Structures are given as C-alpha cells and as structure tokens.
Amino acid sequence: MKYNYDFNNGNKKKKSRIIFISIVLIIALVISSFFFRNSQVLVIRVTSNIITAPFKFIGNSMSNTFSSVSMYFGNITQVKADNLELKIKVDELQIKLLESEEILNENESLKKLLDINSTFQHFKLKHR
C-alpha cells in the first residue's frame, strides 16, 4: 500500500494567506492615506501624499480626458450654431450681390443712353 502525501499543500495555504493579508494591508494603507492627506503631522501628510500620488495622477488624467470630450462636444454645438449664422449671412450677401449686379447693369445701360444723347445733341430725342 502506497501513501501519497503532499507536503507543499501547507505552503500553498500559507502563501495564499500572506498574499491575501498583504493585499488587505495595502488597501487599508491606501484608504487611510486618503483620510490623512491633510494631517497636521508632516511625516503622515508627506507619506499619505506619496501613497496617493498615483491615484491623483490617474484621476486627473481621466478628468482631463472627460473634460476634453465634453469641450469637444460643446464646441460642436457652438460650431453648428456659428455655421447656421454664417449660412444666413451668406444668403444675405448673395442677395446683395445680385442687387449690386442689377444696379451695375442698369448703370451701364444708362451710361450708354447718355453717350447716345451726348453724341446726338443737335437732335432732339423724344422721351416716352
């Protein structure tokens, strides 16, 4: 009869307990650091700020990213409003351009009439 004993089984349980306790202690240290960031004791305040620095960096990065996204969509709304306003101005300017072209054409035709009148001064033209 053979008996198989696993002597490493106890070591695995000890390792997993140590890892679990280490993780719990690190989480507790980080959480307590957030509470003691503004401590009156300089050593505690500096240590807390060092521990929480990576979390501040990640939080600021995410905040800046979301801020940029909101600014982008805010700018799109403003750009659409500006675009609509500019389209209205373009339409108004096109109408003015057509009116100006019409006035220029009328002006040219009147100049031609005046030129005809000045060349034929000795004739009397009847105006209708």
# chains A, B, ... in the order shown; residues from 1 in each chain; ligands from 1
>>> residues_around(residues="segment 49-52 of chain A", least_positions_apart="4", cutoff="10 Å", atoms="only C-alpha atoms", output="PDB file with C-alpha atoms, in the first residue's frame")
ATOM      1  CA  LEU A  29      -2.949  51.794   3.839  1.00  0.00           C
ATOM      2  CA  VAL A  30      -4.162  53.469   0.653  1.00  0.00           C
ATOM      3  CA  ILE A  31      -7.624  54.176   2.089  1.00  0.00           C
ATOM      4  CA  SER A  32      -6.186  55.566   5.310  1.00  0.00           C
ATOM      5  CA  SER A  33      -3.773  57.711   3.273  1.00  0.00           C
ATOM      6  CA  PHE A  34      -6.727  59.433   1.637  1.00  0.00           C
ATOM      7  CA  PHE A  36      -4.777  61.618   6.432  1.00  0.00           C
ATOM      8  CA  ARG A  37      -3.638  63.662   3.410  1.00  0.00           C
ATOM      9  CA  ASN A  38      -4.278  66.918   5.257  1.00  0.00           C
ATOM     10  CA  VAL A  43       5.529  62.865   8.223  1.00  0.00           C
ATOM     11  CA  ILE A  44       1.996  61.475   7.973  1.00  0.00           C
ATOM     12  CA  ARG A  45       0.956  64.138   5.457  1.00  0.00           C
ATOM     13  CA  LYS A  56      -4.335  61.511  -8.070  1.00  0.00           C
ATOM     14  CA  PHE A  57      -2.481  61.238 -11.383  1.00  0.00           C
TER      15      PHE A  57
END
>>> atom_distance(atom1="atom CA of Thr47 of chain A", atom2="atom CA of Leu25 of chain A")
15.5 Å
>>> select_by_dssp(residues="chain A", states="helix (DSSP H, G or I)", output="ChimeraX atom specification")
/A:9-35,42-119
>>> decode(residues="segment 82-124 of chain A", atoms="N, CA and C atoms", output="mmCIF file, in the first residue's frame")
data_model
loop_
_atom_site.group_PDB
_atom_site.id
_atom_site.type_symbol
_atom_site.label_atom_id
_atom_site.label_comp_id
_atom_site.auth_asym_id
_atom_site.auth_seq_id
_atom_site.Cartn_x
_atom_site.Cartn_y
_atom_site.Cartn_z
ATOM 1 N N ASP A 82 -22.695 78.588 -35.078
ATOM 2 C CA ASP A 82 -21.942 79.547 -35.901
ATOM 3 C C ASP A 82 -22.142 79.265 -37.386
ATOM 4 N N ASN A 83 -22.161 77.983 -37.738
ATOM 5 C CA ASN A 83 -22.353 77.595 -39.135
ATOM 6 C C ASN A 83 -23.709 78.068 -39.651
ATOM 7 N N LEU A 84 -24.746 77.888 -38.849
ATOM 8 C CA LEU A 84 -26.079 78.337 -39.247
ATOM 9 C C LEU A 84 -26.111 79.850 -39.432
ATOM 10 N N GLU A 85 -25.480 80.559 -38.496
ATOM 11 C CA GLU A 85 -25.416 82.021 -38.588
ATOM 12 C C GLU A 85 -24.673 82.452 -39.848
ATOM 13 N N LEU A 86 -23.569 81.770 -40.159
ATOM 14 C CA LEU A 86 -22.797 82.117 -41.355
ATOM 15 C C LEU A 86 -23.560 81.802 -42.639
ATOM 16 N N LYS A 87 -24.354 80.731 -42.640
ATOM 17 C CA LYS A 87 -25.166 80.417 -43.820
ATOM 18 C C LYS A 87 -26.188 81.518 -44.080
ATOM 19 N N ILE A 88 -26.772 82.030 -43.001
ATOM 20 C CA ILE A 88 -27.731 83.136 -43.147
ATOM 21 C C ILE A 88 -27.034 84.358 -43.722
ATOM 22 N N LYS A 89 -25.826 84.655 -43.229
ATOM 23 C CA LYS A 89 -25.075 85.802 -43.744
ATOM 24 C C LYS A 89 -24.703 85.605 -45.209
ATOM 25 N N VAL A 90 -24.342 84.377 -45.587
ATOM 26 C CA VAL A 90 -24.013 84.095 -46.994
ATOM 27 C C VAL A 90 -25.230 84.357 -47.873
ATOM 28 N N ASP A 91 -26.392 83.905 -47.442
ATOM 29 C CA ASP A 91 -27.609 84.147 -48.214
ATOM 30 C C ASP A 91 -27.883 85.641 -48.373
ATOM 31 N N GLU A 92 -27.718 86.388 -47.276
ATOM 32 C CA GLU A 92 -27.926 87.839 -47.337
ATOM 33 C C GLU A 92 -26.941 88.499 -48.290
ATOM 34 N N LEU A 93 -25.678 88.061 -48.237
ATOM 35 C CA LEU A 93 -24.664 88.648 -49.112
ATOM 36 C C LEU A 93 -24.895 88.278 -50.580
ATOM 37 N N GLN A 94 -25.413 87.082 -50.844
ATOM 38 C CA GLN A 94 -25.727 86.705 -52.219
ATOM 39 C C GLN A 94 -26.850 87.573 -52.769
ATOM 40 N N ILE A 95 -27.840 87.867 -51.923
ATOM 41 C CA ILE A 95 -28.925 88.753 -52.357
ATOM 42 C C ILE A 95 -28.379 90.143 -52.658
ATOM 43 N N LYS A 96 -27.497 90.641 -51.802
ATOM 44 C CA LYS A 96 -26.894 91.967 -52.035
ATOM 45 C C LYS A 96 -26.054 91.967 -53.311
ATOM 46 N N LEU A 97 -25.356 90.860 -53.561
ATOM 47 C CA LEU A 97 -24.548 90.759 -54.766
ATOM 48 C C LEU A 97 -25.424 90.817 -56.010
ATOM 49 N N LEU A 98 -26.534 90.102 -55.999
ATOM 50 C CA LEU A 98 -27.452 90.140 -57.137
ATOM 51 C C LEU A 98 -28.009 91.544 -57.348
ATOM 52 N N GLU A 99 -28.360 92.201 -56.254
ATOM 53 C CA GLU A 99 -28.872 93.574 -56.359
ATOM 54 C C GLU A 99 -27.795 94.499 -56.909
ATOM 55 N N SER A 100 -26.567 94.310 -56.460
ATOM 56 C CA SER A 100 -25.462 95.150 -56.947
ATOM 57 C C SER A 100 -25.202 94.918 -58.427
ATOM 58 N N GLU A 101 -25.252 93.658 -58.860
ATOM 59 C CA GLU A 101 -25.062 93.362 -60.279
ATOM 60 C C GLU A 101 -26.172 93.990 -61.119
ATOM 61 N N GLU A 102 -27.380 93.937 -60.579
ATOM 62 C CA GLU A 102 -28.507 94.546 -61.283
ATOM 63 C C GLU A 102 -28.315 96.063 -61.404
ATOM 64 N N ILE A 103 -27.861 96.661 -60.331
ATOM 65 C CA ILE A 103 -27.618 98.117 -60.350
ATOM 66 C C ILE A 103 -26.501 98.457 -61.328
ATOM 67 N N LEU A 104 -25.441 97.636 -61.353
ATOM 68 C CA LEU A 104 -24.341 97.878 -62.295
ATOM 69 C C LEU A 104 -24.810 97.747 -63.747
ATOM 70 N N ASN A 105 -25.636 96.754 -64.010
ATOM 71 C CA ASN A 105 -26.169 96.606 -65.369
ATOM 72 C C ASN A 105 -27.029 97.806 -65.758
ATOM 73 N N GLU A 106 -27.844 98.243 -64.834
ATOM 74 C CA GLU A 106 -28.680 99.418 -65.104
ATOM 75 C C GLU A 106 -27.808 100.648 -65.330
ATOM 76 N N ASN A 107 -26.762 100.754 -64.520
ATOM 77 C CA ASN A 107 -25.842 101.881 -64.652
ATOM 78 C C ASN A 107 -25.171 101.878 -66.033
ATOM 79 N N GLU A 108 -24.753 100.714 -66.490
ATOM 80 C CA GLU A 108 -24.124 100.607 -67.809
ATOM 81 C C GLU A 108 -25.100 101.005 -68.921
ATOM 82 N N SER A 109 -26.322 100.527 -68.790
ATOM 83 C CA SER A 109 -27.305 100.870 -69.819
ATOM 84 C C SER A 109 -27.602 102.373 -69.804
ATOM 85 N N LEU A 110 -27.642 102.978 -68.627
ATOM 86 C CA LEU A 110 -27.866 104.429 -68.556
ATOM 87 C C LEU A 110 -26.684 105.206 -69.130
ATOM 88 N N LYS A 111 -25.480 104.707 -68.900
ATOM 89 C CA LYS A 111 -24.299 105.362 -69.482
ATOM 90 C C LYS A 111 -24.353 105.325 -71.008
ATOM 91 N N LYS A 112 -24.789 104.186 -71.538
ATOM 92 C CA LYS A 112 -24.910 104.069 -72.987
ATOM 93 C C LYS A 112 -25.949 105.053 -73.523
ATOM 94 N N LEU A 113 -27.040 105.188 -72.784
ATOM 95 C CA LEU A 113 -28.067 106.139 -73.197
ATOM 96 C C LEU A 113 -27.536 107.568 -73.151
ATOM 97 N N LEU A 114 -26.788 107.884 -72.119
ATOM 98 C CA LEU A 114 -26.204 109.219 -72.013
ATOM 99 C C LEU A 114 -25.206 109.468 -73.127
ATOM 100 N N ASP A 115 -24.436 108.464 -73.456
ATOM 101 C CA ASP A 115 -23.468 108.602 -74.532
ATOM 102 C C ASP A 115 -24.173 108.844 -75.849
ATOM 103 N N ILE A 116 -25.268 108.144 -76.064
ATOM 104 C CA ILE A 116 -26.054 108.365 -77.278
ATOM 105 C C ILE A 116 -26.602 109.781 -77.267
ATOM 106 N N ASN A 117 -27.118 110.225 -76.154
ATOM 107 C CA ASN A 117 -27.670 111.573 -76.058
ATOM 108 C C ASN A 117 -26.591 112.621 -76.271
ATOM 109 N N SER A 118 -25.398 112.388 -75.765
ATOM 110 C CA SER A 118 -24.348 113.398 -75.920
ATOM 111 C C SER A 118 -23.820 113.425 -77.353
ATOM 112 N N THR A 119 -23.791 112.313 -78.040
ATOM 113 C CA THR A 119 -23.322 112.323 -79.424
ATOM 114 C C THR A 119 -24.350 112.952 -80.370
ATOM 115 N N PHE A 120 -25.604 112.812 -80.025
ATOM 116 C CA PHE A 120 -26.657 113.383 -80.865
ATOM 117 C C PHE A 120 -27.309 114.563 -80.171
ATOM 118 N N GLN A 121 -26.497 115.518 -79.773
ATOM 119 C CA GLN A 121 -27.021 116.682 -79.069
ATOM 120 C C GLN A 121 -27.891 117.562 -79.962
ATOM 121 N N HIS A 122 -27.506 117.672 -81.188
ATOM 122 C CA HIS A 122 -28.245 118.574 -82.068
ATOM 123 C C HIS A 122 -29.600 118.002 -82.465
ATOM 124 N N PHE A 123 -29.821 116.681 -82.202
ATOM 125 C CA PHE A 123 -31.144 116.114 -82.437
ATOM 126 C C PHE A 123 -31.928 116.098 -81.137
ATOM 127 N N LYS A 124 -33.154 116.311 -81.277
ATOM 128 C CA LYS A 124 -33.990 116.239 -80.089
ATOM 129 C C LYS A 124 -34.663 114.863 -80.070
#
